[in-house]
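Structure file query_14.cif (mmCIF, C-alpha atoms (C1' of nucleotides)) is printed below.
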```
data_protein
loop_
_atom_site.group_PDB
_atom_site.id
_atom_site.type_symbol
_atom_site.label_atom_id
_atom_site.label_comp_id
_atom_site.auth_asym_id
_atom_site.auth_seq_id
_atom_site.Cartn_x
_atom_site.Cartn_y
_atom_site.Cartn_z
ATOM 1 C CA MET A 50 92.094 -15.390 65.474
ATOM 2 C CA THR A 51 93.401 -13.029 68.162
ATOM 3 C CA THR A 52 90.868 -10.336 67.322
ATOM 4 C CA ASP A 53 90.786 -7.389 69.685
ATOM 5 C CA PRO A 54 87.922 -7.240 72.216
ATOM 6 C CA LEU A 55 86.224 -4.199 70.743
ATOM 7 C CA SER A 56 86.116 -5.742 67.291
ATOM 8 C CA GLN A 57 84.651 -8.907 68.729
ATOM 9 C CA VAL A 58 81.876 -7.072 70.520
ATOM 10 C CA PHE A 59 80.948 -4.892 67.559
ATOM 11 C CA SER A 60 81.122 -7.889 65.269
ATOM 12 C CA ALA A 61 78.948 -9.967 67.564
ATOM 13 C CA LEU A 62 76.265 -7.291 67.626
ATOM 14 C CA ALA A 63 76.412 -6.725 63.878
ATOM 15 C CA ASP A 64 74.095 -9.679 63.404
ATOM 16 C CA PRO A 65 70.372 -8.977 63.939
ATOM 17 C CA THR A 66 69.680 -12.473 65.230
ATOM 18 C CA ARG A 67 72.361 -12.110 67.863
ATOM 19 C CA ARG A 68 71.109 -8.665 68.831
ATOM 20 C CA ASP A 69 67.666 -10.180 69.210
ATOM 21 C CA MET A 70 69.076 -12.865 71.460
ATOM 22 C CA VAL A 71 70.756 -10.240 73.600
ATOM 23 C CA ALA A 72 67.440 -8.392 73.806
ATOM 24 C CA ARG A 73 65.798 -11.585 74.918
ATOM 25 C CA LEU A 74 68.480 -12.389 77.458
ATOM 26 C CA ALA A 75 68.139 -8.930 78.954
ATOM 27 C CA GLU A 76 64.838 -10.152 80.350
ATOM 28 C CA GLY A 77 66.244 -13.313 81.815
ATOM 29 C CA ASP A 78 68.554 -16.272 81.353
ATOM 30 C CA ALA A 79 67.549 -18.900 78.829
ATOM 31 C CA THR A 80 68.682 -22.223 77.428
ATOM 32 C CA VAL A 81 69.743 -22.806 73.852
ATOM 33 C CA THR A 82 66.486 -24.489 72.873
ATOM 34 C CA GLU A 83 64.482 -21.710 74.446
ATOM 35 C CA LEU A 84 66.522 -19.155 72.566
ATOM 36 C CA ALA A 85 66.209 -21.037 69.309
ATOM 37 C CA GLU A 86 62.455 -21.372 69.474
ATOM 38 C CA PRO A 87 61.457 -18.054 67.859
ATOM 39 C CA TYR A 88 63.850 -18.368 64.941
ATOM 40 C CA ASP A 89 63.591 -20.319 61.757
ATOM 41 C CA VAL A 90 67.059 -21.812 62.007
ATOM 42 C CA THR A 91 68.460 -24.993 63.509
ATOM 43 C CA ILE A 92 69.580 -25.233 67.100
ATOM 44 C CA GLN A 93 73.120 -25.722 65.871
ATOM 45 C CA ALA A 94 73.028 -22.315 64.229
ATOM 46 C CA VAL A 95 71.825 -20.752 67.466
ATOM 47 C CA SER A 96 74.564 -22.577 69.323
ATOM 48 C CA LYS A 97 77.070 -21.017 66.961
ATOM 49 C CA HIS A 98 75.633 -17.563 67.549
ATOM 50 C CA LEU A 99 75.966 -18.099 71.269
ATOM 51 C CA ARG A 100 79.558 -19.073 70.824
ATOM 52 C CA VAL A 101 80.180 -15.743 69.118
ATOM 53 C CA LEU A 102 78.391 -13.845 71.871
ATOM 54 C CA ALA A 103 80.353 -15.729 74.503
ATOM 55 C CA GLY A 104 83.592 -15.077 72.663
ATOM 56 C CA ALA A 105 82.838 -11.374 72.829
ATOM 57 C CA GLY A 106 82.154 -11.676 76.543
ATOM 58 C CA LEU A 107 78.543 -10.688 76.075
ATOM 59 C CA VAL A 108 77.164 -13.861 77.600
ATOM 60 C CA SER A 109 78.346 -16.522 80.002
ATOM 61 C CA ARG A 110 77.290 -20.141 80.267
ATOM 62 C CA SER A 111 76.583 -22.291 83.276
ATOM 63 C CA ARG A 112 75.358 -25.832 83.713
ATOM 64 C CA ASP A 113 72.061 -27.258 84.908
ATOM 65 C CA ALA A 114 71.974 -30.958 84.106
ATOM 66 C CA GLN A 115 72.043 -31.263 80.302
ATOM 67 C CA ARG A 116 70.996 -27.669 79.946
ATOM 68 C CA ARG A 117 73.517 -24.853 79.595
ATOM 69 C CA PRO A 118 71.721 -21.657 80.588
ATOM 70 C CA VAL A 119 72.904 -18.465 78.945
ATOM 71 C CA HIS A 120 73.379 -15.321 81.001
ATOM 72 C CA LEU A 121 73.833 -11.809 79.647
ATOM 73 C CA GLU A 122 76.938 -9.991 80.841
ATOM 74 C CA ALA A 123 76.374 -6.258 80.782
ATOM 75 C CA GLU A 124 79.879 -5.082 81.595
ATOM 76 C CA VAL A 125 81.158 -5.448 78.050
ATOM 77 C CA PHE A 126 78.695 -2.833 76.911
ATOM 78 C CA ASP A 127 80.813 -0.262 78.688
ATOM 79 C CA LEU A 128 83.700 -1.040 76.384
ATOM 80 C CA MET A 129 81.597 0.064 73.450
ATOM 81 C CA THR A 130 79.954 3.073 75.004
ATOM 82 C CA LYS A 131 83.325 4.374 76.131
ATOM 83 C CA TRP A 132 84.671 4.161 72.605
ATOM 84 C CA ILE A 133 81.567 5.604 71.019
ATOM 85 C CA ASP A 134 81.186 8.435 73.480
ATOM 86 C CA ARG A 135 84.774 9.486 73.093
ATOM 87 C CA TYR A 136 84.612 10.043 69.367
ATOM 88 C CA ARG A 137 81.112 11.339 69.293
ATOM 89 C CA ARG A 138 82.148 13.918 71.837
ATOM 90 C CA MET A 139 85.190 14.881 69.787
ATOM 91 C CA ALA A 140 83.105 15.179 66.643
ATOM 92 C CA GLU A 141 80.519 17.337 68.352
ATOM 93 C CA GLU A 142 83.165 19.492 69.914
ATOM 94 C CA ARG A 143 84.812 19.962 66.566
ATOM 95 C CA TYR A 144 81.478 20.868 65.043
ATOM 96 C CA ARG A 145 80.967 23.510 67.691
ATOM 97 C CA ARG A 146 84.415 24.960 67.083
ATOM 98 C CA LEU A 147 83.837 25.001 63.345
ATOM 99 C CA ASP A 148 80.774 27.112 63.912
ATOM 100 C CA ASN A 149 82.866 29.656 65.751
ATOM 101 C CA LEU A 150 85.541 29.622 63.106
ATOM 102 C CA LEU A 151 83.060 30.196 60.329
ATOM 103 C CA ALA A 152 81.692 33.141 62.208
ATOM 104 C CA THR A 153 85.103 34.824 62.217
ATOM 105 C CA MET A 154 86.053 33.987 58.597
ATOM 106 C CA PRO A 155 86.761 37.267 56.775
ATOM 107 C CA ASP A 156 87.119 36.741 52.990
ATOM 108 C CA ASP A 157 88.471 34.408 50.322
ATOM 109 C CA PRO A 158 92.118 34.845 49.250
ATOM 110 C CA PRO A 159 91.843 34.204 45.488
ATOM 111 C CA THR A 160 95.444 33.042 44.846
ATOM 112 C CA ALA A 161 95.686 30.625 47.754
ATOM 113 C CA ARG A 162 95.175 27.291 46.011
ATOM 114 C CA ASN A 163 97.944 25.149 47.505
ATOM 115 C CA SER A 164 97.283 21.773 49.072
ATOM 116 C CA LYS A 165 97.586 22.093 52.796
ATOM 117 C CA GLY A 166 98.437 25.730 53.351
ATOM 118 C CA THR A 167 95.578 26.930 55.415
ATOM 119 C CA THR A 168 96.028 30.594 54.651
ATOM 120 C CA ALA A 169 98.639 31.632 57.173
ATOM 121 C CA MET B 38 71.840 -6.261 50.619
ATOM 122 C CA THR B 39 69.101 -4.326 52.450
ATOM 123 C CA THR B 40 70.825 -4.781 55.775
ATOM 124 C CA ASP B 41 69.244 -2.900 58.649
ATOM 125 C CA PRO B 42 70.933 0.323 59.791
ATOM 126 C CA LEU B 43 72.022 -0.938 63.187
ATOM 127 C CA SER B 44 73.718 -3.965 61.670
ATOM 128 C CA GLN B 45 75.509 -1.766 59.196
ATOM 129 C CA VAL B 46 76.850 0.538 61.886
ATOM 130 C CA PHE B 47 77.991 -2.259 64.171
ATOM 131 C CA SER B 48 79.486 -4.089 61.238
ATOM 132 C CA ALA B 49 81.303 -0.991 60.033
ATOM 133 C CA LEU B 50 82.892 -0.477 63.443
ATOM 134 C CA ALA B 51 83.809 -4.123 63.841
ATOM 135 C CA ASP B 52 86.935 -3.498 61.800
ATOM 136 C CA PRO B 53 89.886 -1.979 63.700
ATOM 137 C CA THR B 54 91.141 -0.081 60.650
ATOM 138 C CA ARG B 55 87.761 1.532 60.181
ATOM 139 C CA ARG B 56 87.538 2.405 63.863
ATOM 140 C CA ASP B 57 90.935 3.973 63.576
ATOM 141 C CA MET B 58 89.752 6.017 60.620
ATOM 142 C CA VAL B 59 86.768 7.201 62.608
ATOM 143 C CA ALA B 60 89.109 8.157 65.435
ATOM 144 C CA ARG B 61 91.187 10.114 62.975
ATOM 145 C CA LEU B 62 88.193 11.792 61.406
ATOM 146 C CA ALA B 63 86.977 12.875 64.804
ATOM 147 C CA GLU B 64 89.849 15.328 64.777
ATOM 148 C CA GLY B 65 89.066 16.700 61.369
ATOM 149 C CA ASP B 66 88.017 15.945 57.804
ATOM 150 C CA ALA B 67 90.529 14.216 55.583
ATOM 151 C CA THR B 68 90.970 12.988 52.037
ATOM 152 C CA VAL B 69 91.354 9.370 51.050
ATOM 153 C CA THR B 70 95.090 9.647 50.496
ATOM 154 C CA GLU B 71 95.550 11.392 53.820
ATOM 155 C CA LEU B 72 93.570 8.663 55.523
ATOM 156 C CA ALA B 73 95.476 5.919 53.762
ATOM 157 C CA GLU B 74 98.884 7.254 54.689
ATOM 158 C CA PRO B 75 99.302 5.600 58.124
ATOM 159 C CA TYR B 76 98.212 2.165 56.968
ATOM 160 C CA ASP B 77 100.072 -0.500 55.121
ATOM 161 C CA VAL B 78 97.339 -1.110 52.583
ATOM 162 C CA THR B 79 96.549 0.299 49.165
ATOM 163 C CA ILE B 80 94.444 3.388 48.651
ATOM 164 C CA GLN B 81 91.821 1.219 47.022
ATOM 165 C CA ALA B 82 91.419 -0.754 50.216
ATOM 166 C CA VAL B 83 90.959 2.452 52.176
ATOM 167 C CA SER B 84 88.459 3.614 49.606
ATOM 168 C CA LYS B 85 86.505 0.423 50.191
ATOM 169 C CA HIS B 86 86.572 0.969 53.936
ATOM 170 C CA LEU B 87 85.226 4.443 53.420
ATOM 171 C CA ARG B 88 82.431 3.080 51.313
ATOM 172 C CA VAL B 89 81.445 0.834 54.198
ATOM 173 C CA LEU B 90 81.571 3.725 56.656
ATOM 174 C CA ALA B 91 79.523 5.872 54.294
ATOM 175 C CA GLY B 92 77.026 3.048 53.808
ATOM 176 C CA ALA B 93 76.538 2.970 57.549
ATOM 177 C CA GLY B 94 76.027 6.719 57.585
ATOM 178 C CA LEU B 95 79.114 7.241 59.693
ATOM 179 C CA VAL B 96 80.814 9.497 57.185
ATOM 180 C CA SER B 97 79.771 11.750 54.327
ATOM 181 C CA ARG B 98 81.713 12.763 51.262
ATOM 182 C CA SER B 99 81.988 16.113 49.552
ATOM 183 C CA ARG B 100 84.027 17.374 46.639
ATOM 184 C CA ASP B 101 86.977 19.720 46.449
ATOM 185 C CA ALA B 102 88.462 19.541 42.948
ATOM 186 C CA GLN B 103 89.813 15.988 42.504
ATOM 187 C CA ARG B 104 89.724 15.420 46.225
ATOM 188 C CA ARG B 105 86.761 13.920 48.032
ATOM 189 C CA PRO B 106 87.055 14.966 51.671
ATOM 190 C CA VAL B 107 85.572 12.653 54.260
ATOM 191 C CA HIS B 108 83.535 14.030 57.108
ATOM 192 C CA LEU B 109 82.507 12.173 60.250
ATOM 193 C CA GLU B 110 78.789 12.136 60.967
ATOM 194 C CA ALA B 111 78.216 11.773 64.677
ATOM 195 C CA GLU B 112 74.456 11.353 64.678
ATOM 196 C CA VAL B 113 74.566 7.655 63.818
ATOM 197 C CA PHE B 114 76.338 6.981 67.071
ATOM 198 C CA ASP B 115 73.077 7.698 68.830
ATOM 199 C CA LEU B 116 71.486 4.752 67.094
ATOM 200 C CA MET B 117 73.986 2.479 68.761
ATOM 201 C CA THR B 118 74.031 4.072 72.169
ATOM 202 C CA LYS B 119 70.268 3.925 72.311
ATOM 203 C CA TRP B 120 70.272 0.228 71.590
ATOM 204 C CA ILE B 121 73.141 -0.505 73.943
ATOM 205 C CA ASP B 122 71.810 1.587 76.789
ATOM 206 C CA ARG B 123 68.429 -0.015 76.606
ATOM 207 C CA TYR B 124 69.618 -3.561 77.109
ATOM 208 C CA ARG B 125 72.400 -2.708 79.472
ATOM 209 C CA ARG B 126 69.861 -0.916 81.599
ATOM 210 C CA MET B 127 67.526 -3.904 81.503
ATOM 211 C CA ALA B 128 70.324 -6.282 82.403
ATOM 212 C CA GLU B 129 71.507 -4.126 85.257
ATOM 213 C CA GLU B 130 67.998 -3.608 86.486
ATOM 214 C CA ARG B 131 67.417 -7.316 86.430
ATOM 215 C CA TYR B 132 70.626 -7.934 88.268
ATOM 216 C CA ARG B 133 69.795 -5.320 90.861
ATOM 217 C CA ARG B 134 66.394 -6.838 91.509
ATOM 218 C CA LEU B 135 67.835 -10.318 91.809
ATOM 219 C CA ASP B 136 65.233 -11.701 89.517
ATOM 220 C CA ASN B 137 67.150 -14.921 89.306
ATOM 221 C CA LEU B 138 66.806 -15.590 93.009
ATOM 222 C CA LEU B 139 63.125 -14.760 92.873
ATOM 223 C CA ALA B 140 62.624 -17.307 90.127
ATOM 224 C CA THR B 141 64.179 -20.116 92.125
ATOM 225 C CA MET B 142 61.916 -19.815 95.156
ATOM 226 C CA PRO B 143 58.305 -19.129 94.177
ATOM 227 C CA ASP B 144 55.282 -20.598 95.904
ATOM 228 C CA ASP B 145 54.958 -23.622 93.679
ATOM 229 C CA PRO B 146 51.583 -24.179 92.048
ATOM 230 C CA PRO B 147 51.049 -27.928 92.586
ATOM 231 C CA THR B 148 49.209 -28.534 89.313
ATOM 232 C CA ALA B 149 52.004 -27.080 87.234
ATOM 233 C CA ARG B 150 54.216 -29.314 85.133
ATOM 234 C CA ASN B 151 56.887 -30.480 87.538
ATOM 235 C CA SER B 152 60.382 -29.377 86.743
ATOM 236 C CA LYS B 153 62.049 -29.846 90.086
ATOM 237 C CA GLY B 154 61.103 -32.542 92.505
ATOM 238 C CA THR B 155 58.846 -30.423 94.657
ATOM 239 C CA THR B 156 57.008 -32.948 96.728
ATOM 240 C CA ALA B 157 53.956 -32.406 98.883
ATOM 241 C "C1'" DA C 81 72.530 -50.713 80.331
ATOM 242 C "C1'" DT C 82 69.422 -48.158 77.363
ATOM 243 C "C1'" DC C 83 66.798 -44.474 76.024
ATOM 244 C "C1'" DG C 84 65.465 -39.472 75.669
ATOM 245 C "C1'" DT C 85 66.883 -34.730 75.968
ATOM 246 C "C1'" DT C 86 70.037 -30.937 75.375
ATOM 247 C "C1'" DT C 87 73.955 -29.273 73.436
ATOM 248 C "C1'" DT C 88 78.117 -29.372 70.815
ATOM 249 C "C1'" DC C 89 81.430 -31.056 67.173
ATOM 250 C "C1'" DA C 90 82.625 -31.860 62.312
ATOM 251 C "C1'" DA C 91 82.272 -31.484 57.579
ATOM 252 C "C1'" DC C 92 80.428 -29.068 54.056
ATOM 253 C "C1'" DC C 93 78.256 -25.168 51.129
ATOM 254 C "C1'" DA C 94 77.222 -20.416 49.604
ATOM 255 C "C1'" DT C 95 78.091 -15.898 50.215
ATOM 256 C "C1'" DA C 96 80.405 -11.794 52.323
ATOM 257 C "C1'" DT C 97 84.637 -9.439 53.318
ATOM 258 C "C1'" DG C 98 89.282 -7.412 53.087
ATOM 259 C "C1'" DG C 99 92.894 -7.418 50.361
ATOM 260 C "C1'" DT C 100 95.357 -7.168 45.835
ATOM 261 C "C1'" DT C 101 96.403 -5.386 40.811
ATOM 262 C "C1'" DG C 102 95.243 -2.833 36.723
ATOM 263 C "C1'" DA C 103 92.359 0.183 34.237
ATOM 264 C "C1'" DA C 104 89.300 4.068 34.068
ATOM 265 C "C1'" DC C 105 87.331 8.436 35.422
ATOM 266 C "C1'" DA C 106 87.561 13.285 37.097
ATOM 267 C "C1'" DA C 107 89.651 17.560 37.716
ATOM 268 C "C1'" DC C 108 93.465 20.567 37.816
ATOM 269 C "C1'" DT C 109 98.134 22.176 35.447
ATOM 270 C "C1'" DC C 110 101.051 22.811 31.688
ATOM 271 C "C1'" DG D 119 95.621 18.445 24.021
ATOM 272 C "C1'" DA D 120 98.942 15.941 27.186
ATOM 273 C "C1'" DG D 121 100.279 14.988 31.678
ATOM 274 C "C1'" DT D 122 99.598 14.690 36.798
ATOM 275 C "C1'" DT D 123 96.951 13.893 40.859
ATOM 276 C "C1'" DG D 124 93.123 11.871 43.474
ATOM 277 C "C1'" DT D 125 89.713 8.529 43.536
ATOM 278 C "C1'" DT D 126 86.914 4.820 42.080
ATOM 279 C "C1'" DC D 127 85.649 0.630 39.276
ATOM 280 C "C1'" DA D 128 86.378 -4.254 37.981
ATOM 281 C "C1'" DA D 129 88.126 -8.634 38.381
ATOM 282 C "C1'" DC D 130 90.206 -11.694 41.178
ATOM 283 C "C1'" DC D 131 91.953 -14.337 45.516
ATOM 284 C "C1'" DA D 132 91.927 -16.064 50.313
ATOM 285 C "C1'" DT D 133 89.598 -16.360 54.302
ATOM 286 C "C1'" DA D 134 85.582 -15.579 57.475
ATOM 287 C "C1'" DT D 135 80.747 -16.216 58.320
ATOM 288 C "C1'" DG D 136 76.055 -18.081 58.717
ATOM 289 C "C1'" DG D 137 73.703 -21.746 57.429
ATOM 290 C "C1'" DT D 138 72.921 -26.810 56.763
ATOM 291 C "C1'" DT D 139 73.064 -32.127 57.998
ATOM 292 C "C1'" DG D 140 74.704 -35.932 60.697
ATOM 293 C "C1'" DA D 141 77.165 -37.857 64.510
ATOM 294 C "C1'" DA D 142 78.797 -37.585 69.189
ATOM 295 C "C1'" DA D 143 78.974 -36.087 73.975
ATOM 296 C "C1'" DA D 144 76.795 -35.086 78.588
ATOM 297 C "C1'" DC D 145 73.399 -35.894 81.711
ATOM 298 C "C1'" DG D 146 68.819 -37.620 83.709
ATOM 299 C "C1'" DA D 147 65.256 -41.053 83.777
ATOM 300 C "C1'" DT D 148 63.674 -45.866 83.273
#
```

Write-out of the structure in structure tokens:
Amino acid sequence: MTTDPLSQVFSALADPTRRDMVARLAEGDATVTELAEPYDVTIQAVSKHLRVLAGAGLVSRSRDAQRRPVHLEAEVFDLMTKWIDRYRRMAEERYRRLDNLLATMPDDPPTARNSKGTTA
Amino acid sequence: MTTDPLSQVFSALADPTRRDMVARLAEGDATVTELAEPYDVTIQAVSKHLRVLAGAGLVSRSRDAQRRPVHLEAEVFDLMTKWIDRYRRMAEERYRRLDNLLATMPDDPPTARNSKGTTA
DNA sequence: ATCGTTTTCAACCATATGGTTGAACAACTC
DNA sequence: GAGTTGTTCAACCATATGGTTGAAAACGAT
């Protein structure tokens, strides 16, 4: 599918069940059956969810006999927070500047009705 | 669909085109046609994307004659960062405390259900 | 070797999603 | 009113997604 990493992470966390699993894994590693226990779905469905989380780099798998413990990888979170913070910061900055601009706005030119001409 | 807010926001940002629109809107409000210009899709498709972003609370719409300018709403970002930070913090905390190592070498209660061959 | 446990693979189903085209609506201009 | 511009609505299509059931794979225990 060659989806970009950021899309994969956001997409993975767009599902409430998967977010819940992440929340659970934040407290400690767990196996698939352990993870599946609280939910009303089959283990196969949970296995699929884990595949999505792993594909996004949010979890890693190891091996312990038949079990395949799931481990939360926190680094990927940084990818998101970096993106989010950047644009939130820009938006807030712009908001602050707009405040200043509004404070210096004199009056309304009544004939200026063209599309993009911002009243030179 | 009654999807929860967090899912809607994550889902909205899971699409690279929509993230790009957010990036663009962080620099200033824009109309649908302005937003559609850089992409190779129809205006209707962009309109749909905007509906998703608006549904997630990421943008708001106003009216200026026929135009419907789009404005980025930064507050929703906090919803995400709060969620992310919480579990990243937990995961990092857990990692720092080496909880995993602690779990592998406890003083074994002998009456407990035996999971590893801890003999007397 | 056979059985039990844990996990995945495969096929399938229903619905959601991103895209299209074409028509309609809304507001300004003539 | 008629036309133009900006946007949305409606129907449709292809693919992705989350779920199911059933079989298979991987490993430990007997």

Next on the checklist: I'd like to see the residues matched by the PyMOL selection byres ((chain C and resi 106) around 10) on this file, and ideally I'd get them as a PyMOL selection string.
Outcome noted: (chain B and resi 102-104) or (chain C and resi 104-105+107-108) or (chain D and resi 124-126)

Contact table chain A vs chain B, cut-off 9 Å, shortest pair per residue, all atoms listed in the file, as a tab-separated table:
```
residue	atom	partner	partner_atom	distance
A:Asp53	CA	B:Pro53	CA	8.1
A:Leu55	CA	B:Ala51	CA	7.3
A:Ser56	CA	B:Ala51	CA	4.5
A:Gln57	CA	B:Ala51	CA	6.9
A:Val58	CA	B:Ala51	CA	7.6
A:Phe59	CA	B:Ala51	CA	4.8
A:Ser60	CA	B:Ala51	CA	4.8
A:Ala61	CA	B:Ala51	CA	8.5
A:Leu62	CA	B:Phe47	CA	6.3
A:Ala63	CA	B:Ser44	CA	4.4
A:Asp64	CA	B:Ser44	CA	6.0
A:Pro65	CA	B:Ser44	CA	6.4
A:Arg68	CA	B:Ser44	CA	9.0
A:Val71	CA	B:Tyr124	CA	7.6
A:Ala72	CA	B:Tyr124	CA	6.2
A:Leu74	CA	B:Ala128	CA	8.1
A:Ala75	CA	B:Ala128	CA	4.9
A:Glu76	CA	B:Met127	CA	6.9
A:Gly77	CA	B:Arg131	CA	7.7
A:Asp78	CA	B:Asn137	CA	8.2
A:Leu121	CA	B:Ala128	CA	7.1
A:Glu122	CA	B:Ala128	CA	7.7
A:Ala123	CA	B:Arg125	CA	5.5
A:Glu124	CA	B:Arg125	CA	8.1
A:Phe126	CA	B:Ile121	CA	6.7
A:Asp127	CA	B:Arg125	CA	8.8
A:Met129	CA	B:Ile121	CA	8.5
A:Thr130	CA	B:Thr118	CA	6.6
A:Ile133	CA	B:Phe114	CA	6.7
A:Asp134	CA	B:Phe114	CA	8.2
A:Arg135	CA	B:Ala60	CA	8.9
A:Tyr136	CA	B:Ala63	CA	5.9
A:Arg137	CA	B:Ala111	CA	5.5
A:Arg138	CA	B:Ala111	CA	8.4
A:Met139	CA	B:Ala63	CA	5.7
A:Ala140	CA	B:Ala63	CA	4.9
A:Glu141	CA	B:Ala111	CA	7.1
A:Arg143	CA	B:Glu64	CA	7.1
```

Checklist entry - If you fit chain A onto chain B using every C-alpha atom, paired in order, what RMSD in Å do you get? => result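 Computed value for the CA RMSD is 3.8 Å.
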
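Our summary of the geometry notes that CA of Arg100 in chain A is positioned 13.1 Å from CA of Thr66 in chain A.
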
Checklist outcome for this item: Restricting to all atoms listed in the file, whichever of B:Ser99, B:Glu74, B:Val83, B:Asp57 is closest to chain C is B:Val83

Per residue of chain B within 12 Å of chain D, note the shortest atom pair and the distance in Å to one decimal, counting all atoms listed in the file, and order the rows by chain and increasing residue number, as a tab-separated table.
```
residue	atom	partner	partner_atom	distance
B:Thr68	CA	D:DG124	C1'	8.9
B:Val69	CA	D:DT125	C1'	7.7
B:Thr70	CA	D:DG124	C1'	7.6
B:Glu71	CA	D:DG124	C1'	10.6
B:Ile80	CA	D:DT125	C1'	8.7
B:Gln81	CA	D:DT126	C1'	7.8
B:Ala82	CA	D:DT126	C1'	10.8
B:Val83	CA	D:DT125	C1'	10.6
B:Ser84	CA	D:DT126	C1'	7.8
B:Lys85	CA	D:DT126	C1'	9.2
B:Leu87	CA	D:DT126	C1'	11.5
B:Arg88	CA	D:DT126	C1'	10.4
B:Arg98	CA	D:DT125	C1'	11.9
B:Arg100	CA	D:DT125	C1'	11.0
B:Asp101	CA	D:DG124	C1'	10.4
B:Ala102	CA	D:DG124	C1'	9.0
B:Gln103	CA	D:DG124	C1'	5.4
B:Arg104	CA	D:DG124	C1'	5.6
B:Arg105	CA	D:DT125	C1'	7.6
B:Pro106	CA	D:DG124	C1'	10.7
```

Chain C near chain A within 8 Å: what's each residue's closest atom pair and its distance in Å to one decimal, counting only C-alpha atoms (C1' of nucleotides), ordered by chain then ascending residue number, as a tab-separated table?
```
residue	atom	partner	partner_atom	distance
C:DT85	C1'	A:Gln115	CA	7.6
C:DT86	C1'	A:Gln115	CA	5.3
C:DT87	C1'	A:Arg116	CA	7.3
C:DT88	C1'	A:Ser96	CA	7.8
```

Next on the checklist: Please report the interatomic distance between CA of Ala73 in chain B and CA of Ser97 in chain B in Å with one decimal.
Outcome noted: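 That distance, rounded to one decimal, is 16.8 Å.
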
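With C1' of DT95 in chain C on one side and CA of Gly106 in chain A on the other, the separation reads 27.0 Å.
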
Listed atoms of range 46-65 of chain B boxed along x, y and z, 8 Å each side, centre and edge lengths in Å, one decimal, as JSON:
```
{"center_x": 84.0, "center_y": 6.3, "center_z": 62.7, "size_x": 30.3, "size_y": 36.8, "size_z": 21.4}
```

How would range 136-149 of chain A read, as a compact mmCIF listing (two decimals), keeping the file's coordinate frame, once N, CA and C atoms are built in?
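File produced: selection_32.txt:
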```
# COMPACT_ATOMS: atom_id res chain seq x y z
N TYR A 136 84.48 9.45 70.69
CA TYR A 136 84.61 10.04 69.37
C TYR A 136 83.40 10.87 68.99
N ARG A 137 82.27 10.49 69.52
CA ARG A 137 81.11 11.34 69.29
C ARG A 137 81.35 12.70 69.93
N ARG A 138 81.87 12.67 71.13
CA ARG A 138 82.15 13.92 71.84
C ARG A 138 83.13 14.77 71.05
N MET A 139 84.20 14.14 70.58
CA MET A 139 85.19 14.88 69.79
C MET A 139 84.55 15.50 68.55
N ALA A 140 83.73 14.70 67.87
CA ALA A 140 83.10 15.18 66.64
C ALA A 140 82.19 16.36 66.93
N GLU A 141 81.44 16.25 68.01
CA GLU A 141 80.52 17.34 68.35
C GLU A 141 81.27 18.59 68.75
N GLU A 142 82.32 18.37 69.50
CA GLU A 142 83.16 19.49 69.91
C GLU A 142 83.74 20.21 68.69
N ARG A 143 84.22 19.41 67.78
CA ARG A 143 84.81 19.96 66.57
C ARG A 143 83.76 20.74 65.77
N TYR A 144 82.58 20.20 65.75
CA TYR A 144 81.48 20.87 65.04
C TYR A 144 81.20 22.24 65.66
N ARG A 145 81.21 22.26 66.98
CA ARG A 145 80.97 23.51 67.69
C ARG A 145 82.05 24.53 67.37
N ARG A 146 83.31 24.06 67.38
CA ARG A 146 84.42 24.96 67.08
C ARG A 146 84.35 25.48 65.65
N LEU A 147 83.94 24.62 64.75
CA LEU A 147 83.84 25.00 63.34
C LEU A 147 82.85 26.13 63.18
N ASP A 148 81.78 26.05 63.94
CA ASP A 148 80.77 27.11 63.91
C ASP A 148 81.41 28.45 64.27
N ASN A 149 82.20 28.43 65.33
CA ASN A 149 82.87 29.66 65.75
C ASN A 149 83.82 30.16 64.68
```
